[in-house]
Amino acid sequence: MKEPMIVFENFGYKYRSQAEPTVTDINLTIRKGERVIIVGPSGCGKSTLAHCLNGLNPFSYPGEIMGSLKICGHETKEMGIFGLSKYVGTVLQDTDGQFIGMTVLEDIAFAMENDLVEHEELKKRTLAEAKKVHLLEKIDAAPHALSGGQKQRVSLAGVLVNRVPILLFDEPLANLDPASGKEAMELIDEIQKETDTTVVIIEHRLEDALHMGADRIVLMQEGKIVCDATPSQLFATDMLEKAGIREPLYITALKYAGVELTADMPLQRIQELTLSDKQKEKVREWFYQEQWTLPKAEEKQLLSVENISFGYVEKTYNLYDVNFQVFEGEMTSIVGKNGAGKSTLAKLLCGFEKQNKGIIRLRGKDITEDNIKERAKTIGYVMQNPNQMISKPMIFEEVALSLEVAHVPKEEIQERVYKALKICGLYEFRNWPISALSYGQKKRVTIASILVQNPKVLILDEPTAGQDFRHYTEIMEFLKELNRQGITVLMITHDMHLMLEYTNRCLVFSDGHLISDTTPVELFTDKDLLEKANLKETSLFELANMCGLPPKEYIDKFIVYDRNLRSGKEEA
Amino acid sequence: MSAILSYVERDSVIHKMTGTTKLFFFLFWSIAAMITYDTRVLVGMFLLGCVFFKISKLKWSEISFALIFMFTLMAINIIGIYVFAPEQGVEIYGTRHVLTELFWKYSITTEQLFYMFNFLMKYMAVIPVALLFIMTTNPSEFAASMNKIGISYRVGYAVAIALRYIPDVQRDYREISQAQQARGISLGKEEKTLDRIKNSAAILFPLVLSSIQRIETISNAMELRGFGKHKKRTWIMERPMVKRDYIGITLGAVVMIISITMMFVNGGRYFNPFI
């Protein structure tokens, strides 16, 4: 057995501001060269554990350590944050927020500068590190101007310069589109193999994280470790489902088909998976069961975007000649890589910016000249981060804000706010302070504050980014319910699950062009289109091929089955 | 879309100078302008400042917003001087040439106008150089250059990061205010003053919160990478001083010396054309 790098013994951590410890009874040993993924629903204590590893706990967020945590043989409470930084390199979740340097070069050099490395060596090592993460040609670029995947590589290089034996990733995939996420995991894989580093990843996008393969998955719930097993061992159980963590899609599909999964099957990646003929037969049987179809939306035109072109700066266009229609009662996703023009489109629809060419019609009426305020009466916009929208301390006040500034009579305000709060399931909380709510609930407050204006269309920017499966389901089921009540929903997203599970139509943007107006199933079986949108194939595709089934129909079936199961659960 | 008052990349001699040079130059220049009320020196400095600005290849449009802002402040300042000390010029120059009597203690005198003109010129002499310093110094060199003149690198970094976040905060502001406008919260002229103040709170509240979040993330990121471990640190962007840097610093020093010399020549801080 290799030497232990991280040893938790009866470990617990209690923040100074909290009455109860956030994590307790942690016993976990991670050895040199191991790859461990820590999963768990939001609030399970996985971030606390990560902060204990890199020293932010207790040195930045004061609190009390119980038991013992040894890193490379040293007790962490005696080390300090700087001492720990020699052993543990942390890549934070927020790829934008963690850049310190103005350029890639400076950002990579930052840790060495603090270590008083002299100029010549500083330059040499920085360039070597940039080369390792394939960023040499971007060395003078501002980190903010890079793509999501490139940003991640800069952060990684900035940590690698310290030549640390342990790499800690705090939700590395949260802000990445699927293609960049895949790329990031491949890079981590490559670096781990090269240096035999110990890698600890905190992540709830398990299928994507497992792309690089893992020795163990540690499942946390309510501050405790509930499972510490190999991926195959874990997938053979129903523990993930119970904990509210999304299993890889092919695992779900196999379980739907009634294939019995055992710990000795290579379950951790679809590429490694082999199925016996009997198991394949089971998948086929499931596929040929009775078919369900999705109800089709009524084709009543609501919004019409005609020949829209727009550029923030003269002569450079962010959108070129975009044409599409939105029908009443639709739930549609707008997809494409960063900078493809998705957010710009939303801004044009809401009247935040004005197109240079083209017309936007609402139910046939040209609304191009309507200002933000007028558009808001029919088109509501919900920002990605609810904290950027909330401006009042109390829930009622926040939701009532737009009506109050419009001098709506008091009784009507109360009536409309209560109605919006009821729709959003927040009525019982109406007199609560917003600070007492969870992230998902805050998101609903922002949606309620828009709904109160009775819009016909809701545009949401990344409604589920960074959410765990439970919150994801909560937000999406809520949106589905709104949709059922007649509100048309447009979502900017790169969440593949969201597209597959909740939308019937995808508008795909690339470099300012609307390159495809299609269904999620068509999208996920079109390799070329996926690449242009920075998405990746789903594992269902491979599973279908493996079992000799037509992928398109198979995915379609899976979606319908899955949706029916969900709504069945909901009704029960 | 361009950010107000932040570093603008150009290929010019001034951009090529090290941050330390520009900081020293800026300090000398400011001292010179602060000491003197000598019109000739101030006008000379102003003209020279404009020449430097030309050399830096910055564009008028890049500073127009900042200038309007500063001119507004200057106007308020000048009006304030007149309101509170309408006879300041007379006191300083010792003569009183009345142009028109207004009311009560207020009258317009040549001396007061001249004094206020000089006051204005002090600003005008410093503004081009100050703008140049901010807009041609790479923020990462900022910290390094402040460190060079003995200021703790932590302070230097705090300033550099604050400057670097200006565009981000501006973007946040724009996004938040657009989303709030969609809720009918506007800062436009059609609103009453009281409403406008109330409405601006609705934008500032989330803006402040999101900025605090940014600060927390960045300070964690810095600490995790060893920031503040030692009393000193090195800088990858540090560049050796070359001939043009020494010329720059010397020029700044010369201007300061001229300013001080003129103090002795004039027998005080003021140049008096009235005697």
# chains A, B, ... in the order shown; residues from 1 in each chain; ligands from 1
call {"tool": "residues_around", "arguments": {"residues": "stretch 493-507 of chain A", "least_positions_apart": "5", "cutoff": "8 Å", "atoms": "only C-alpha atoms", "output": "PyMOL selection string"}}
result
chain A and resi 177-178+330-337+461-465+476+480+514-521+523+535+559+562-563
call {"tool": "select_by_dssp", "arguments": {"residues": "stretch 226-380 of chain A", "states": "helix (DSSP H, G or I)", "output": "PyMOL selection string"}}
result
chain A and resi 231-235+239-243+249-256+277-287+342-350+372-376
call {"tool": "interface_residues", "arguments": {"of": "chain B", "to": "chain A", "cutoff": "6 Å", "atoms": "only C-alpha atoms", "output": "list in words"}}
result
Ala182, Arg183, Gly184, Ala202, Phe205, Pro206, Thr217, Ile218, Ala221, Arg225, Gly226, Phe227, Arg233, Thr234 and Trp235 of chain B
call {"tool": "write_last_selection", "arguments": {"atoms": "C-alpha atoms", "output": "compact mmCIF listing (two decimals), in the first residue's frame"}}
result
# COMPACT_ATOMS: atom_id res chain seq x y z
CA ALA B 182 -37.34 45.73 -16.23
CA ARG B 183 -39.08 45.84 -12.87
CA GLY B 184 -39.86 49.48 -13.40
CA ALA B 202 -32.39 48.93 -5.22
CA PHE B 205 -27.84 46.77 -2.56
CA PRO B 206 -27.24 43.80 -4.88
CA THR B 217 -13.35 34.76 -3.37
CA ILE B 218 -10.28 36.69 -4.40
CA ALA B 221 -7.64 32.54 -3.76
CA ARG B 225 -1.52 30.66 -3.06
CA GLY B 226 0.68 32.06 -0.35
CA PHE B 227 0.00 35.77 -0.55
CA ARG B 233 7.82 39.21 -2.82
CA THR B 234 9.14 39.18 -6.36
CA TRP B 235 7.34 40.41 -9.47
call {"tool": "residues_around", "arguments": {"residues": "B:Thr36", "least_positions_apart": "4", "cutoff": "8 Å", "atoms": "only C-alpha atoms", "output": "JSON, numbers by chain"}}
result
{"B": [32, 41, 42, 259, 260, 262, 263, 269, 270]}
call {"tool": "write_last_selection", "arguments": {"atoms": "N, CA and C atoms", "output": "PDB file, in the first residue's frame"}}
result
ATOM      1  N   ALA B  32       4.864  69.611  -7.618  1.00  0.00           N
ATOM      2  CA  ALA B  32       5.116  70.868  -8.331  1.00  0.00           C
ATOM      3  C   ALA B  32       3.818  71.667  -8.470  1.00  0.00           C
ATOM      4  N   VAL B  41       4.062  78.788 -14.737  1.00  0.00           N
ATOM      5  CA  VAL B  41       4.457  77.400 -14.507  1.00  0.00           C
ATOM      6  C   VAL B  41       3.270  76.463 -14.771  1.00  0.00           C
ATOM      7  N   LEU B  42       2.114  76.843 -14.235  1.00  0.00           N
ATOM      8  CA  LEU B  42       0.946  75.969 -14.358  1.00  0.00           C
ATOM      9  C   LEU B  42       0.512  75.801 -15.815  1.00  0.00           C
ATOM     10  N   SER B 259       9.368  74.654 -10.126  1.00  0.00           N
ATOM     11  CA  SER B 259       8.246  75.123  -9.324  1.00  0.00           C
ATOM     12  C   SER B 259       8.736  75.685  -7.996  1.00  0.00           C
ATOM     13  N   ILE B 260       9.681  74.971  -7.382  1.00  0.00           N
ATOM     14  CA  ILE B 260      10.206  75.439  -6.091  1.00  0.00           C
ATOM     15  C   ILE B 260      11.013  76.729  -6.287  1.00  0.00           C
ATOM     16  N   MET B 262      10.646  78.964  -8.540  1.00  0.00           N
ATOM     17  CA  MET B 262       9.780  80.105  -8.806  1.00  0.00           C
ATOM     18  C   MET B 262       9.209  80.677  -7.506  1.00  0.00           C
ATOM     19  N   MET B 263       9.110  79.802  -6.501  1.00  0.00           N
ATOM     20  CA  MET B 263       8.617  80.265  -5.218  1.00  0.00           C
ATOM     21  C   MET B 263       9.550  81.323  -4.649  1.00  0.00           C
ATOM     22  N   ARG B 269       4.140  81.811  -3.012  1.00  0.00           N
ATOM     23  CA  ARG B 269       3.579  80.826  -3.919  1.00  0.00           C
ATOM     24  C   ARG B 269       2.876  81.501  -5.097  1.00  0.00           C
ATOM     25  N   TYR B 270       2.583  82.778  -4.954  1.00  0.00           N
ATOM     26  CA  TYR B 270       1.783  83.435  -5.990  1.00  0.00           C
ATOM     27  C   TYR B 270       2.627  84.287  -6.929  1.00  0.00           C
TER      28      TYR B 270
END
call {"tool": "select_by_dssp", "arguments": {"residues": "stretch 319-368 of chain A", "states": "strand (DSSP E or B)", "output": "list in words"}}
result
Leu319, Tyr320, Asp321, Val322, Asn323, Phe324, Gln325, Val326, Phe327, Met331, Thr332, Ser333, Ile334, Val335, Lys357, Gly358, Ile359, Ile360, Arg361, Leu362, Lys365 and Asp366 of chain A
call {"tool": "residues_around", "arguments": {"residues": "stretch 239-253 of chain A", "least_positions_apart": "4", "cutoff": "6 Å", "atoms": "only C-alpha atoms", "output": "mmCIF file with N, CA, C and O atoms, in the first residue's frame"}}
result
data_model
loop_
_atom_site.group_PDB
_atom_site.id
_atom_site.type_symbol
_atom_site.label_atom_id
_atom_site.label_comp_id
_atom_site.auth_asym_id
_atom_site.auth_seq_id
_atom_site.Cartn_x
_atom_site.Cartn_y
_atom_site.Cartn_z
ATOM 1 N N GLU A 207 -21.200 12.034 -13.365
ATOM 2 C CA GLU A 207 -20.879 11.374 -14.636
ATOM 3 C C GLU A 207 -19.730 12.095 -15.340
ATOM 4 O O GLU A 207 -18.822 11.467 -15.871
ATOM 5 N N PHE A 469 -28.648 18.027 -7.514
ATOM 6 C CA PHE A 469 -29.753 17.386 -8.207
ATOM 7 C C PHE A 469 -31.103 17.726 -7.578
ATOM 8 O O PHE A 469 -32.087 17.948 -8.262
ATOM 9 N N ARG A 470 -31.123 17.782 -6.252
ATOM 10 C CA ARG A 470 -32.386 18.047 -5.573
ATOM 11 C C ARG A 470 -32.892 19.456 -5.916
ATOM 12 O O ARG A 470 -34.045 19.652 -6.270
ATOM 13 N N SER A 539 -24.174 9.514 -22.676
ATOM 14 C CA SER A 539 -23.783 8.106 -22.589
ATOM 15 C C SER A 539 -24.902 7.196 -23.089
ATOM 16 O O SER A 539 -24.679 6.034 -23.396
ATOM 17 N N LEU A 540 -26.129 7.745 -23.194
ATOM 18 C CA LEU A 540 -27.240 6.945 -23.709
ATOM 19 C C LEU A 540 -26.992 6.530 -25.153
ATOM 20 O O LEU A 540 -27.394 5.462 -25.596
#
call {"tool": "residues_around", "arguments": {"residues": "B:Val90", "least_positions_apart": "2", "cutoff": "9 Å", "atoms": "only C-alpha atoms", "output": "list in words"}}
result
Pro86, Glu87, Gln88, Ile92, Tyr93, Gly94, Thr95, Arg96, His97, Thr109, Thr110, Glu111, Gln112 and Tyr115 of chain B
call {"tool": "residues_around", "arguments": {"residues": "B:Ser177", "least_positions_apart": "3", "cutoff": "9 Å", "atoms": "only C-alpha atoms", "output": "list in words"}}
result
Asp172, Tyr173, Arg174, Gln180, Gln181, Ala182, Ile185, Ser186, Leu187, Ser200, Ala202, Ile203 and Leu204 of chain B
call {"tool": "atom_distance", "arguments": {"atom1": "atom CA of B:Val13", "atom2": "atom CA of A:Ala142"}}
result
22.2 Å
call {"tool": "residues_around", "arguments": {"residues": "B:Ala253", "least_positions_apart": "2", "cutoff": "8 Å", "atoms": "only C-alpha atoms", "output": "VMD selection string"}}
result
chain B and resid 25 28 to 29 249 to 251 255 to 257
call {"tool": "write_last_selection", "arguments": {"atoms": "N, CA and C atoms", "output": "CSV table (one decimal), in the first residue's frame"}}
result
chain,number,residue,atom,x,y,z
B,25,PHE,N,7.3,60.2,-11.5
B,25,PHE,CA,7.0,61.3,-12.3
B,25,PHE,C,5.7,62.0,-11.8
B,28,PHE,N,6.3,63.8,-8.4
B,28,PHE,CA,7.0,65.1,-8.6
B,28,PHE,C,6.1,66.1,-9.2
B,29,TRP,N,5.4,65.7,-10.2
B,29,TRP,CA,4.5,66.6,-11.0
B,29,TRP,C,3.4,67.1,-10.0
B,249,ILE,N,12.1,60.4,-15.1
B,249,ILE,CA,12.2,60.8,-13.7
B,249,ILE,C,12.9,62.1,-13.6
B,250,THR,N,14.0,62.3,-14.4
B,250,THR,CA,14.7,63.6,-14.3
B,250,THR,C,13.8,64.7,-14.7
B,251,LEU,N,13.0,64.5,-15.8
B,251,LEU,CA,12.1,65.6,-16.3
B,251,LEU,C,11.1,65.9,-15.2
B,255,VAL,N,10.8,69.7,-13.3
B,255,VAL,CA,9.6,70.5,-13.2
B,255,VAL,C,9.4,70.9,-11.7
B,256,MET,N,9.6,69.9,-10.8
B,256,MET,CA,9.4,70.2,-9.4
B,256,MET,C,10.4,71.3,-9.0
B,257,ILE,N,11.7,71.2,-9.4
B,257,ILE,CA,12.7,72.2,-9.0
B,257,ILE,C,12.3,73.5,-9.5
call {"tool": "atom_distance", "arguments": {"atom1": "atom CA of A:Gly329", "atom2": "atom CA of A:Gln485"}}
result
8.4 Å
